[in-house]
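Asks: What follows is protein36.cif; its format and atoms are mmCIF, C-alpha atoms and all ligand atoms.
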```cif
data_protein
#
loop_
_atom_site.label_atom_id
_atom_site.label_comp_id
_atom_site.auth_asym_id
_atom_site.auth_seq_id
_atom_site.Cartn_x
_atom_site.Cartn_y
_atom_site.Cartn_z
CA MET A 12 26.99 9.07 -28.42
CA PRO A 13 24.83 11.72 -26.70
CA GLN A 14 22.58 10.35 -23.99
CA THR A 15 18.87 9.86 -24.56
CA ILE A 16 16.90 8.90 -21.50
CA THR A 17 13.13 8.75 -21.62
CA PRO A 18 10.74 6.18 -20.17
CA TRP A 19 10.75 4.43 -23.56
CA GLU A 20 14.33 4.72 -24.66
CA VAL A 21 17.77 4.57 -23.09
CA LYS A 22 20.67 5.24 -25.43
CA GLY A 23 24.29 6.34 -25.28
CA THR A 24 26.84 6.40 -22.50
CA ILE A 25 25.02 7.48 -19.41
CA ASP A 26 26.39 10.33 -17.35
CA TYR A 27 24.47 10.14 -14.08
CA ASP A 28 25.73 13.52 -12.81
CA LYS A 29 24.41 15.16 -15.92
CA LEU A 30 21.14 13.34 -15.42
CA ILE A 31 20.83 14.78 -11.91
CA GLN A 32 21.21 18.26 -13.44
CA GLU A 33 18.86 17.69 -16.34
CA PHE A 34 16.09 16.04 -14.34
CA GLY A 35 16.45 18.35 -11.33
CA LEU A 36 17.20 15.52 -8.92
CA LYS A 37 19.22 15.73 -5.71
CA PRO A 38 22.21 13.49 -5.08
CA LEU A 39 21.55 11.00 -2.30
CA GLU A 40 23.97 11.73 0.54
CA ASN A 41 24.51 11.30 4.28
CA LEU A 42 21.99 8.55 4.80
CA PRO A 43 21.65 6.93 8.22
CA LYS A 44 23.10 3.47 8.75
CA LYS A 45 19.75 1.71 8.38
CA PHE A 46 19.89 2.65 4.71
CA THR A 47 23.59 2.24 4.00
CA GLU A 48 23.47 -1.31 5.35
CA ASN A 49 21.74 -1.99 2.06
CA VAL A 50 24.22 -2.53 -0.73
CA LEU A 51 22.24 -0.46 -3.27
CA PHE A 52 22.29 2.63 -1.04
CA ARG A 53 25.82 2.05 0.22
CA ARG A 54 27.32 1.85 -3.26
CA LYS A 55 25.27 4.78 -4.56
CA ILE A 56 23.55 2.58 -7.10
CA ILE A 57 20.50 4.39 -5.79
CA PHE A 58 22.10 7.72 -6.51
CA ALA A 59 19.52 10.50 -6.49
CA HIS A 60 16.18 11.47 -4.98
CA ARG A 61 13.31 13.87 -4.64
CA ASP A 62 12.06 14.71 -1.12
CA PHE A 63 13.60 11.60 0.42
CA GLY A 64 14.06 13.42 3.75
CA GLN A 65 10.49 12.64 4.80
CA ILE A 66 11.14 8.93 4.25
CA VAL A 67 14.31 9.01 6.35
CA ASP A 68 12.32 10.83 9.02
CA ALA A 69 9.50 8.26 8.91
CA VAL A 70 11.98 5.39 9.27
CA GLU A 71 13.93 7.03 12.08
CA ASN A 72 10.85 8.04 14.01
CA LYS A 73 8.84 4.90 13.25
CA LYS A 74 6.08 6.82 11.51
CA PRO A 75 3.86 5.15 8.92
CA PHE A 76 4.91 5.43 5.28
CA VAL A 77 4.22 3.73 1.99
CA MET A 78 6.44 2.38 -0.75
CA MET A 79 4.66 2.27 -4.07
CA THR A 80 5.71 0.86 -7.38
CA GLY A 81 4.24 -0.65 -10.49
CA LEU A 82 5.31 -3.38 -12.83
CA MET A 83 4.86 -3.81 -16.51
CA PRO A 84 4.13 -7.50 -17.01
CA SER A 85 6.16 -8.31 -20.07
CA GLY A 86 8.66 -11.05 -20.72
CA LYS A 87 10.95 -12.68 -18.23
CA PHE A 88 11.85 -11.47 -14.78
CA HIS A 89 15.55 -10.61 -14.97
CA PHE A 90 18.30 -9.16 -12.79
CA GLY A 91 17.28 -5.60 -13.69
CA HIS A 92 13.82 -6.31 -12.25
CA LYS A 93 15.45 -7.90 -9.23
CA MET A 94 17.00 -4.54 -8.27
CA VAL A 95 13.51 -3.12 -7.84
CA ALA A 96 12.28 -6.22 -6.01
CA ASP A 97 15.20 -5.96 -3.59
CA GLN A 98 14.19 -2.40 -2.81
CA ILE A 99 10.56 -3.33 -2.23
CA ILE A 100 11.61 -6.03 0.21
CA PHE A 101 14.07 -3.68 1.89
CA TYR A 102 11.38 -1.03 2.48
CA GLN A 103 9.07 -3.72 3.80
CA SER A 104 11.76 -4.63 6.32
CA LEU A 105 11.93 -0.96 7.35
CA GLY A 106 8.21 -1.01 8.12
CA ALA A 107 6.71 0.43 4.95
CA LYS A 108 3.31 -0.61 3.74
CA ILE A 109 3.83 -1.81 0.17
CA TYR A 110 1.55 -0.91 -2.74
CA LEU A 111 2.30 -2.87 -5.88
CA ALA A 112 0.41 -2.12 -9.08
CA VAL A 113 0.33 -4.40 -12.07
CA ALA A 114 0.30 -1.94 -14.97
CA ASP A 115 -2.00 -4.11 -17.06
CA ILE A 116 -3.98 -1.15 -18.41
CA GLU A 117 -0.78 0.62 -19.39
CA ALA A 118 0.47 -2.56 -21.09
CA TYR A 119 -2.89 -2.98 -22.81
CA ASN A 120 -2.75 0.59 -24.11
CA SER A 121 0.85 0.47 -25.20
CA ARG A 122 1.92 -3.02 -26.16
CA ASN A 123 -0.14 -6.12 -25.46
CA PRO A 124 -3.94 -6.28 -25.74
CA ASN A 125 -4.16 -9.75 -24.18
CA LEU A 126 -5.22 -9.05 -20.57
CA THR A 127 -5.32 -12.73 -19.61
CA GLU A 128 -1.75 -13.20 -20.72
CA LEU A 129 -0.69 -10.03 -18.91
CA ARG A 130 -2.22 -11.24 -15.65
CA GLU A 131 -0.62 -14.66 -16.02
CA THR A 132 2.79 -13.07 -16.50
CA ALA A 133 2.27 -10.69 -13.59
CA ILE A 134 1.44 -13.51 -11.20
CA ARG A 135 3.57 -16.40 -12.43
CA GLU A 136 6.66 -14.40 -13.39
CA TYR A 137 6.68 -11.30 -11.23
CA LEU A 138 4.73 -12.08 -8.08
CA ALA A 139 6.25 -15.58 -7.76
CA ASN A 140 9.75 -14.11 -7.96
CA TYR A 141 8.96 -11.30 -5.52
CA VAL A 142 7.71 -13.80 -2.97
CA ALA A 143 10.71 -16.09 -3.53
CA LEU A 144 12.99 -13.08 -2.99
CA GLY A 145 11.29 -12.42 0.35
CA LEU A 146 8.19 -10.27 -0.20
CA ASN A 147 5.60 -10.79 2.54
CA LEU A 148 2.26 -10.77 0.77
CA LYS A 149 0.39 -10.05 4.00
CA LYS A 150 1.97 -6.60 4.28
CA CYS A 151 1.46 -5.74 0.68
CA ASP A 152 -1.41 -4.39 -1.38
CA PHE A 153 -0.89 -6.07 -4.75
CA TYR A 154 -3.45 -5.02 -7.34
CA PHE A 155 -4.18 -4.78 -11.05
CA GLN A 156 -4.82 -1.36 -12.56
CA SER A 157 -7.84 -2.93 -14.25
CA LYS A 158 -9.21 -4.30 -10.98
CA ARG A 159 -8.33 -2.00 -8.13
CA SER A 160 -10.50 -3.38 -5.39
CA THR A 161 -13.63 -5.42 -4.74
CA ASP A 162 -14.50 -2.68 -2.23
CA GLY A 163 -16.52 -0.23 -4.34
CA ARG A 164 -15.63 2.77 -2.15
CA LYS A 165 -11.96 2.18 -2.70
CA ALA A 166 -12.24 1.40 -6.38
CA SER A 167 -14.28 4.57 -7.03
CA ALA A 168 -11.79 6.73 -5.16
CA TYR A 169 -8.89 5.42 -7.25
CA TYR A 170 -10.55 5.71 -10.65
CA SER A 171 -12.04 9.12 -9.81
CA LEU A 172 -8.62 10.41 -8.88
CA ALA A 173 -7.15 9.16 -12.15
CA ALA A 174 -9.93 10.84 -14.12
CA MET A 175 -9.79 14.12 -12.20
CA LEU A 176 -6.03 14.51 -12.58
CA ALA A 177 -6.65 15.22 -16.26
CA ARG A 178 -7.82 18.73 -15.42
CA HIS A 179 -4.44 19.57 -13.90
CA VAL A 180 -2.08 18.75 -16.72
CA THR A 181 -1.60 20.30 -20.13
CA PHE A 182 -0.87 18.76 -23.48
CA ASN A 183 2.44 20.64 -23.60
CA GLU A 184 3.52 19.14 -20.32
CA PHE A 185 2.76 15.67 -21.55
CA GLN A 186 4.81 16.36 -24.60
CA ALA A 187 7.71 17.82 -22.66
CA VAL A 188 7.78 14.87 -20.29
CA TYR A 189 7.25 12.05 -22.76
CA GLY A 190 8.28 13.29 -26.16
CA GLU A 191 5.78 11.46 -28.33
CA ILE A 192 2.30 11.12 -27.01
CA SER A 193 -0.90 9.22 -27.78
CA PRO A 194 -4.29 9.00 -26.06
CA GLY A 195 -3.27 5.60 -24.66
CA LYS A 196 -0.08 6.97 -23.19
CA MET A 197 -1.87 9.93 -21.67
CA ALA A 198 -4.48 7.74 -20.03
CA SER A 199 -1.75 5.44 -18.72
CA ALA A 200 0.31 8.32 -17.37
CA LEU A 201 -2.69 9.64 -15.43
CA LEU A 202 -3.54 6.22 -14.09
CA GLN A 203 0.06 5.82 -13.06
CA ALA A 204 -0.05 9.16 -11.24
CA ALA A 205 -3.14 7.87 -9.45
CA ASP A 206 -1.18 4.71 -8.53
CA MET A 207 1.40 6.87 -6.83
CA LEU A 208 -1.01 9.26 -5.13
CA HIS A 209 -3.99 7.16 -4.09
CA PRO A 210 -2.40 5.61 -0.96
CA GLN A 211 -2.90 9.07 0.61
CA LEU A 212 -6.66 9.10 0.05
CA LYS A 213 -8.98 8.67 3.00
CA GLU A 214 -10.30 5.47 1.46
CA PHE A 215 -6.80 3.93 1.53
CA GLU A 216 -4.28 4.94 4.22
CA GLY A 217 -6.76 7.45 5.61
CA LYS A 218 -4.55 10.54 5.45
CA ALA A 219 -1.69 12.28 3.66
CA LEU A 220 1.52 10.39 4.44
CA PRO A 221 4.98 9.97 2.90
CA VAL A 222 5.04 7.71 -0.16
CA VAL A 223 8.31 6.75 -1.79
CA VAL A 224 8.47 5.54 -5.38
CA PRO A 225 11.84 3.96 -6.25
CA VAL A 226 12.46 3.98 -9.98
CA GLY A 227 15.11 3.35 -12.59
CA ALA A 228 16.52 6.71 -13.68
CA ASP A 229 14.64 6.56 -17.00
CA GLN A 230 11.27 6.50 -15.23
CA ASP A 231 11.81 9.82 -13.45
CA PRO A 232 9.65 11.82 -15.91
CA HIS A 233 6.62 9.95 -14.57
CA LEU A 234 7.41 11.27 -11.14
CA ARG A 235 7.84 14.81 -12.29
CA LEU A 236 4.39 14.72 -13.81
CA ALA A 237 2.76 13.06 -10.80
CA ARG A 238 4.40 15.49 -8.39
CA ASP A 239 3.29 18.48 -10.42
CA VAL A 240 -0.33 17.44 -10.71
CA ALA A 241 -0.40 16.52 -7.01
CA LYS A 242 0.45 20.12 -6.13
CA ARG A 243 -2.33 21.51 -8.28
CA ILE A 244 -5.26 19.35 -7.28
CA LYS A 245 -6.41 21.32 -4.26
CA GLU A 246 -9.27 18.95 -3.45
CA PHE A 247 -6.70 16.57 -2.01
CA PRO A 248 -4.00 17.70 0.47
CA PHE A 249 -1.29 15.37 -0.80
CA LEU A 250 2.20 15.34 0.68
CA PRO A 251 4.73 15.62 -2.15
CA LEU A 252 5.78 12.24 -3.51
CA SER A 253 9.26 11.09 -2.60
CA SER A 254 11.34 9.14 -5.04
CA THR A 255 14.74 7.62 -5.60
CA ALA A 256 16.48 6.93 -8.88
CA HIS A 257 18.77 3.97 -9.40
CA LYS A 258 21.37 3.24 -12.04
CA PHE A 259 20.64 0.73 -14.76
CA MET A 260 21.58 -2.91 -14.59
CA PRO A 261 23.66 -3.16 -17.77
CA GLY A 262 22.61 -5.62 -20.42
CA LEU A 263 25.19 -8.32 -21.13
CA LYS A 264 26.24 -6.56 -24.31
CA GLY A 265 26.05 -3.09 -22.73
CA GLY A 266 23.13 -0.63 -22.75
CA LYS A 267 20.33 -1.47 -20.37
CA MET A 268 19.19 -4.98 -19.44
CA SER A 269 15.93 -5.38 -21.29
CA SER A 270 13.33 -8.13 -21.57
CA SER A 271 12.93 -7.46 -25.28
CA ASP A 272 16.39 -8.90 -26.05
CA PRO A 273 16.93 -12.42 -24.57
CA MET A 274 20.68 -12.22 -25.11
CA SER A 275 20.88 -9.01 -23.09
CA TYR A 276 19.48 -10.39 -19.87
CA LEU A 277 19.92 -13.08 -17.29
CA ALA A 278 16.52 -14.27 -16.12
CA LEU A 279 15.85 -15.58 -12.63
CA THR A 280 14.48 -18.70 -14.29
CA ASP A 281 17.61 -19.34 -16.39
CA SER A 282 19.43 -22.53 -15.39
CA PRO A 283 22.93 -21.98 -14.01
CA GLU A 284 24.28 -23.54 -17.22
CA GLU A 285 22.33 -21.15 -19.45
CA ALA A 286 23.46 -18.19 -17.35
CA ALA A 287 27.09 -19.32 -17.58
CA MET A 288 26.82 -19.71 -21.34
CA LYS A 289 25.34 -16.23 -21.79
CA ILE A 290 27.98 -14.63 -19.58
CA LYS A 291 30.84 -16.35 -21.39
CA LYS A 292 29.49 -15.64 -24.79
CA TYR A 293 27.91 -12.19 -24.50
CA ALA A 294 29.06 -10.31 -21.39
CA PHE A 295 30.95 -7.26 -22.58
CA SER A 296 34.49 -7.36 -21.25
CA GLY A 297 36.71 -4.52 -20.09
CA GLY A 298 39.76 -6.71 -20.61
CA GLN A 299 42.51 -6.24 -23.16
CA ALA A 300 42.67 -8.04 -26.48
CA THR A 301 45.61 -10.30 -25.63
CA LEU A 302 46.85 -11.91 -22.47
CA GLU A 303 50.14 -10.07 -22.68
CA GLU A 304 48.47 -6.70 -23.09
CA HIS A 305 46.05 -7.46 -20.26
CA ARG A 306 48.87 -8.32 -17.86
CA LYS A 307 50.61 -5.10 -18.84
CA LYS A 308 47.74 -2.59 -18.98
CA GLY A 309 45.10 -4.29 -16.82
CA GLY A 310 41.34 -4.38 -17.36
CA ASN A 311 38.75 -1.65 -17.01
CA PRO A 312 36.08 -2.67 -14.45
CA ASP A 313 34.04 0.48 -15.15
CA ILE A 314 32.89 -0.87 -18.49
CA ASP A 315 33.12 -4.58 -17.72
CA VAL A 316 29.63 -6.04 -17.44
CA ALA A 317 30.66 -8.96 -15.22
CA PHE A 318 32.28 -6.57 -12.76
CA GLN A 319 29.29 -4.22 -12.88
CA MET A 320 26.91 -7.07 -12.05
CA LEU A 321 29.04 -7.97 -9.05
CA ARG A 322 29.04 -4.33 -7.99
CA LEU A 323 25.30 -3.97 -8.44
CA GLY A 324 24.75 -6.57 -5.75
CA LEU A 325 25.97 -10.02 -6.72
CA GLU A 326 29.08 -9.51 -4.58
CA PRO A 327 27.66 -7.76 -1.51
CA ASN A 328 30.95 -7.93 0.40
CA ASP A 329 32.77 -4.59 -0.10
CA LYS A 330 36.21 -5.96 0.75
CA LYS A 331 35.93 -8.83 -1.70
CA LEU A 332 34.65 -6.50 -4.38
CA ALA A 333 37.51 -4.07 -3.80
CA LYS A 334 40.03 -6.88 -4.18
CA ILE A 335 38.44 -8.06 -7.42
CA GLU A 336 38.54 -4.50 -8.73
CA LYS A 337 42.18 -4.00 -7.76
CA ASP A 338 43.28 -7.32 -9.26
CA TYR A 339 41.42 -6.64 -12.46
CA ARG A 340 42.83 -3.15 -12.86
CA SER A 341 46.35 -4.41 -12.24
CA GLY A 342 46.00 -7.16 -14.83
CA GLU A 343 46.45 -9.93 -12.31
CA LEU A 344 42.85 -11.06 -12.78
CA LEU A 345 41.92 -12.04 -16.31
CA SER A 346 38.63 -11.35 -17.99
CA GLY A 347 37.72 -15.05 -18.12
CA GLU A 348 38.54 -15.39 -14.43
CA LEU A 349 36.39 -12.41 -13.59
CA LYS A 350 33.52 -13.93 -15.57
CA ASN A 351 33.99 -17.16 -13.63
CA ILE A 352 33.61 -15.31 -10.34
CA LEU A 353 30.29 -13.94 -11.57
CA ILE A 354 29.23 -17.32 -12.94
CA ARG A 355 29.81 -18.97 -9.56
CA LYS A 356 27.89 -16.23 -7.74
CA ILE A 357 24.98 -16.43 -10.15
CA ALA A 358 24.85 -20.22 -10.05
CA ALA A 359 24.70 -20.24 -6.26
CA PHE A 360 22.00 -17.60 -6.29
CA LEU A 361 19.90 -19.27 -8.99
CA GLU A 362 19.96 -22.66 -7.28
CA GLY A 363 18.71 -21.24 -4.00
CA HIS A 364 16.25 -18.93 -5.67
CA GLN A 365 14.68 -21.56 -7.87
CA ARG A 366 14.05 -23.78 -4.83
CA LYS A 367 12.39 -20.84 -3.07
CA ARG A 368 10.36 -20.12 -6.15
CA LYS A 369 8.75 -23.56 -6.03
CA LEU A 370 7.64 -22.84 -2.48
CA ALA A 371 6.46 -19.39 -3.51
CA GLU A 372 4.17 -20.91 -6.11
CA LYS A 373 2.18 -22.50 -3.30
CA LYS A 374 1.94 -19.18 -1.48
CA ILE A 375 0.53 -17.39 -4.50
CA SER A 376 -1.80 -20.18 -5.63
CA LEU A 377 -4.84 -18.76 -3.86
CA PHE A 378 -4.05 -15.37 -5.32
CA ALA A 379 -3.79 -16.89 -8.77
CA LYS A 380 -7.09 -18.70 -8.33
CA ASN A 381 -8.90 -15.47 -7.43
CA ASN A 382 -7.36 -13.37 -10.17
CA LEU A 383 -6.85 -15.51 -13.26
N1 LIG B 401 5.16 2.64 -16.06
C1 LIG B 401 5.78 1.65 -15.23
C2 LIG B 401 6.62 0.71 -16.13
O1 LIG B 401 6.62 0.85 -17.32
C3 LIG B 401 4.78 0.84 -14.45
C4 LIG B 401 4.00 1.60 -13.41
C5 LIG B 401 2.64 1.74 -13.34
C6 LIG B 401 4.50 2.28 -12.26
N2 LIG B 401 2.28 2.42 -12.22
C7 LIG B 401 3.39 2.77 -11.55
C8 LIG B 401 5.78 2.49 -11.77
C9 LIG B 401 3.54 3.49 -10.38
C10 LIG B 401 5.93 3.22 -10.59
C11 LIG B 401 4.82 3.71 -9.91
O2 LIG B 401 7.29 -0.17 -15.64
#
```
Will you turn the file into structure tokens for me?
Replies:
Amino acid sequence: MPQTITPWEVKGTIDYDKLIQEFGLKPLENLPKKFTENVLFRRKIIFAHRDFGQIVDAVENKKPFVMMTGLMPSGKFHFGHKMVADQIIFYQSLGAKIYLAVADIEAYNSRNPNLTELRETAIREYLANYVALGLNLKKCDFYFQSKRSTDGRKASAYYSLAAMLARHVTFNEFQAVYGEISPGKMASALLQAADMLHPQLKEFEGKALPVVVPVGADQDPHLRLARDVAKRIKEFPFLPLSSTAHKFMPGLKGGKMSSSDPMSYLALTDSPEEAAMKIKKYAFSGGQATLEEHRKKGGNPDIDVAFQMLRLGLEPNDKKLAKIEKDYRSGELLSGELKNILIRKIAAFLEGHQRKRKLAEKKISLFAKNNL
């Protein structure tokens, strides 16, 4: 199947090298140790970038920089979302100031008109999980697109930027970047560009500075648009946006893990028993049809979802992962045994995480009170 990758659709077998070509990305190479200590960088799960050099420079020379991302508050927080959360927390540990937008206006314009429900989900699902995973709320500017700031100076600067960006983009560009287009999508795309660019305004960080936006590979078109308009709007001397692209967390049945299909994802609120059931029942296996054949030919970890989940972070130890891979390829390790390794890892993680999440609920309660 040919690959289709747009912000709204991911289909086919994904060839990431081809994606680098098509999107005009650069492969991510020769990173300093501070980055490769992180499993996502080390294993090239974060595989490509735009202008990442200025972020490396900021980290190495202890210069201020921002990491910005936005979340679409829909459904359950699953292991695909966790990959982004892990990056946010990693950049925070490197000294970045974090900007986190709840894309409630985008969601309102594209899928769910219930703003109260969107805010509930953003706080109780997303923010609670971020904090449980280690996000420090004190070093983070968490905001709703619909409610940028109680400081009028700041709020005006953000909404003015979003409105003024419209002058610097054409209908054809929208179409080329997004395929289909509607007024709601256009407005959301411009607001999203403002999300990425506004940290550099004088009302926010005070000056142009490096901002990195880590995204799943399918979201890269948003960055292309934001980077292009940033160059054209001469009123503001923006530094070009930096970005990274990461590979997709596979859904249990293949494709991309997605909150619209409950049997495709493992949520961070699933009980260990539920997770085990889903893995046993749905996780696509790279094993052979019979035991005999498996022992003879071995399994294929490249398409095995349980192995991929271990590789994408659930087994952070490279040596252990390499042994699992070798044993699976040789046929020594069976598909069911491989699934059991994942099930044990996930169970241990979920137990710890769900305890931390209870504590996190206390930490976000004031935030919830002020925003719901
Ligand atoms: N469009 C993003 C999504 O669907 C959400 C988003 C809004 C975003 N603003 C952003 C992502 C800024 C990155 C940067 O998930």
Asks: May I have a table of the residues of chain A lying at most 9 Å from ligand LIG 401 (chain B), giving each one's closest pair of atoms and their distance in Å to one decimal, counting only C-alpha atoms and all ligand atoms, ordered by chain and ascending residue number, as a Markdown table?
Replies:
```
| residue | atom | partner | partner_atom | distance |
| --- | --- | --- | --- | --- |
| A:Pro18 | CA | B:LIG401 | O1 | 7.3 |
| A:Trp19 | CA | B:LIG401 | O1 | 8.3 |
| A:Met79 | CA | B:LIG401 | C11 | 6.0 |
| A:Thr80 | CA | B:LIG401 | C11 | 3.9 |
| A:Gly81 | CA | B:LIG401 | C6 | 3.4 |
| A:Leu82 | CA | B:LIG401 | C3 | 4.6 |
| A:Met83 | CA | B:LIG401 | O2 | 4.5 |
| A:Pro84 | CA | B:LIG401 | O2 | 8.1 |
| A:Leu111 | CA | B:LIG401 | C9 | 7.9 |
| A:Ala112 | CA | B:LIG401 | N2 | 5.8 |
| A:Val113 | CA | B:LIG401 | C5 | 6.7 |
| A:Ala114 | CA | B:LIG401 | C5 | 4.7 |
| A:Asp115 | CA | B:LIG401 | C5 | 8.3 |
| A:Ile116 | CA | B:LIG401 | C5 | 8.8 |
| A:Glu117 | CA | B:LIG401 | C5 | 7.0 |
| A:Ala118 | CA | B:LIG401 | O1 | 8.0 |
| A:Gln156 | CA | B:LIG401 | N2 | 8.1 |
| A:Ser199 | CA | B:LIG401 | C5 | 7.9 |
| A:Ala200 | CA | B:LIG401 | N1 | 7.6 |
| A:Leu202 | CA | B:LIG401 | N2 | 7.2 |
| A:Gln203 | CA | B:LIG401 | N2 | 4.1 |
| A:Ala204 | CA | B:LIG401 | C9 | 6.8 |
| A:Ala205 | CA | B:LIG401 | C9 | 8.0 |
| A:Asp206 | CA | B:LIG401 | C9 | 5.2 |
| A:Met207 | CA | B:LIG401 | C9 | 5.3 |
| A:Val224 | CA | B:LIG401 | C11 | 6.1 |
| A:Pro225 | CA | B:LIG401 | C10 | 7.4 |
| A:Val226 | CA | B:LIG401 | C10 | 6.6 |
| A:Gln230 | CA | B:LIG401 | N1 | 7.3 |
| A:His233 | CA | B:LIG401 | N1 | 7.6 |
| A:Leu234 | CA | B:LIG401 | C11 | 8.1 |
```
Asks: What lies within 9 Å of stretch 34-36 of chain A using only C-alpha atoms, ignoring chain neighbours under 5 positions off, as a list in words?
Replies: Lys29, Ala59, His60, Arg61, Asp231, Pro232, Arg235, Thr255 and Ala256 of chain A
Asks: Env of A:Ile99: 9 Å cut, atoms = all atoms listed in the file, seq-sep filter 4 positions within chain, self excluded. Answer as a list in words.
Replies: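 Within the cut-off, the hits are Met78, Met79, Thr80, Met94, Val95, Gln103, Ser104, Ala107, Ile109, Tyr141, Leu146 and Pro225 of chain A.
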Asks: Go through A:Arg306, A:His179, A:Arg340, A:His209 one by one, measure the shortest atom-to-atom distance of each to A:Ile244 using only C-alpha atoms, and give the residue with the smallest value.
Replies: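 Once distances to A:Ile244 are computed over only C-alpha atoms, the minimum belongs to A:His179.
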Asks: When you count all atoms listed in the file, which of these residues is closest to A:Ser254: A:Asp62, A:Glu33, A:Asp229, A:Glu343?
Replies: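 Checking each of A:Asp62, A:Glu33, A:Asp229, A:Glu343 against A:Ser254, counting all atoms listed in the file, the winner is A:Asp62.
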Asks: Pick out the closest residue to A:Tyr102 from this set: A:Leu172, A:Val223, A:Ile25, A:Ala278. Count only C-alpha atoms.
Replies: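 Of A:Leu172, A:Val223, A:Ile25, A:Ala278, the one nearest A:Tyr102, counting only C-alpha atoms, is A:Val223.
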Asks: So how many Å separate atom CA of A:Leu302 and atom CA of A:Met288, to one decimal?
Replies: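 So the answer is 21.5 Å.
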Asks: So which one's closest to A:Ala241, A:Gln32, A:Asn381, A:Asn41, A:Gln211? Using all atoms listed in the file, please.
Replies: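 Looking at the shortest contact to A:Ala241, the residue is A:Gln211.
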Asks: Figure out the distance between atom CA of A:Ala143 and atom CA of A:His364, please, to one decimal in Å.
Replies: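 That distance, rounded to one decimal, is 6.6 Å.
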Asks: With all atoms listed in the file as the basis for distance, which of A:Gly297, A:Gly91, A:Pro124, A:Pro248 is at the shortest distance from A:Leu325?
Replies: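 Nearest candidate to A:Leu325 out of A:Gly297, A:Gly91, A:Pro124, A:Pro248: A:Gly91.
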Asks: In Å, rounded to a single decimal, give me how far atom CA of A:Ala286 is from atom CA of A:Leu263.
Replies: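 Separating atom CA of A:Leu263 from atom CA of A:Ala286 is a distance of 10.7 Å.
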Asks: Find the residues around A:Phe52 up to 10 Å (all atoms listed in the file counted), leave out those fewer than 4 positions away in its own chain, and share them as JSON, numbers by chain.
Replies: {"A": [39, 40, 42, 44, 45, 46, 47, 48, 56, 57, 58, 59, 98, 257]}
Asks: Distance cut-off 10 Å, centre (13.0, -12.0, -13.3) in file coordinates, counting all atoms listed in the file: which residues qualify? Return them as a PyMOL selection string.
Replies: chain A and resi 86-94+96+136-141+270+276-281
Asks: List as a list in words the protein and nucleic acid residues near A:Lys165, meaning an atom at most 7 Å away when only C-alpha atoms are counted, but skip any in the same chain fewer than 4 places from it.
Replies: Ser160, Tyr169, Glu214 and Phe215 of chain A
Asks: Write out as a list in words which residues come within 9 Å of stretch 119-121 of chain A when counting all atoms listed in the file, dropping same-chain ones fewer than 4 positions away.
Replies: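 Close residues of stretch 119-121 of chain A: Ala114, Asp115, Asn125, Leu126, Leu129, Pro194, Gly195, Lys196, Ala198 and Ser199 of chain A.
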Asks: For stretch 284-298 of chain A, I'd like the enclosing box, axis-aligned and padded by 3 Å on every side, reported as lines of an AutoDock Vina configuration file with centre and edge lengths in Å to one decimal.
Replies:
```
center_x = 31.0
center_y = -14.0
center_z = -21.0
size_x = 23.4
size_y = 25.0
size_z = 13.6
```
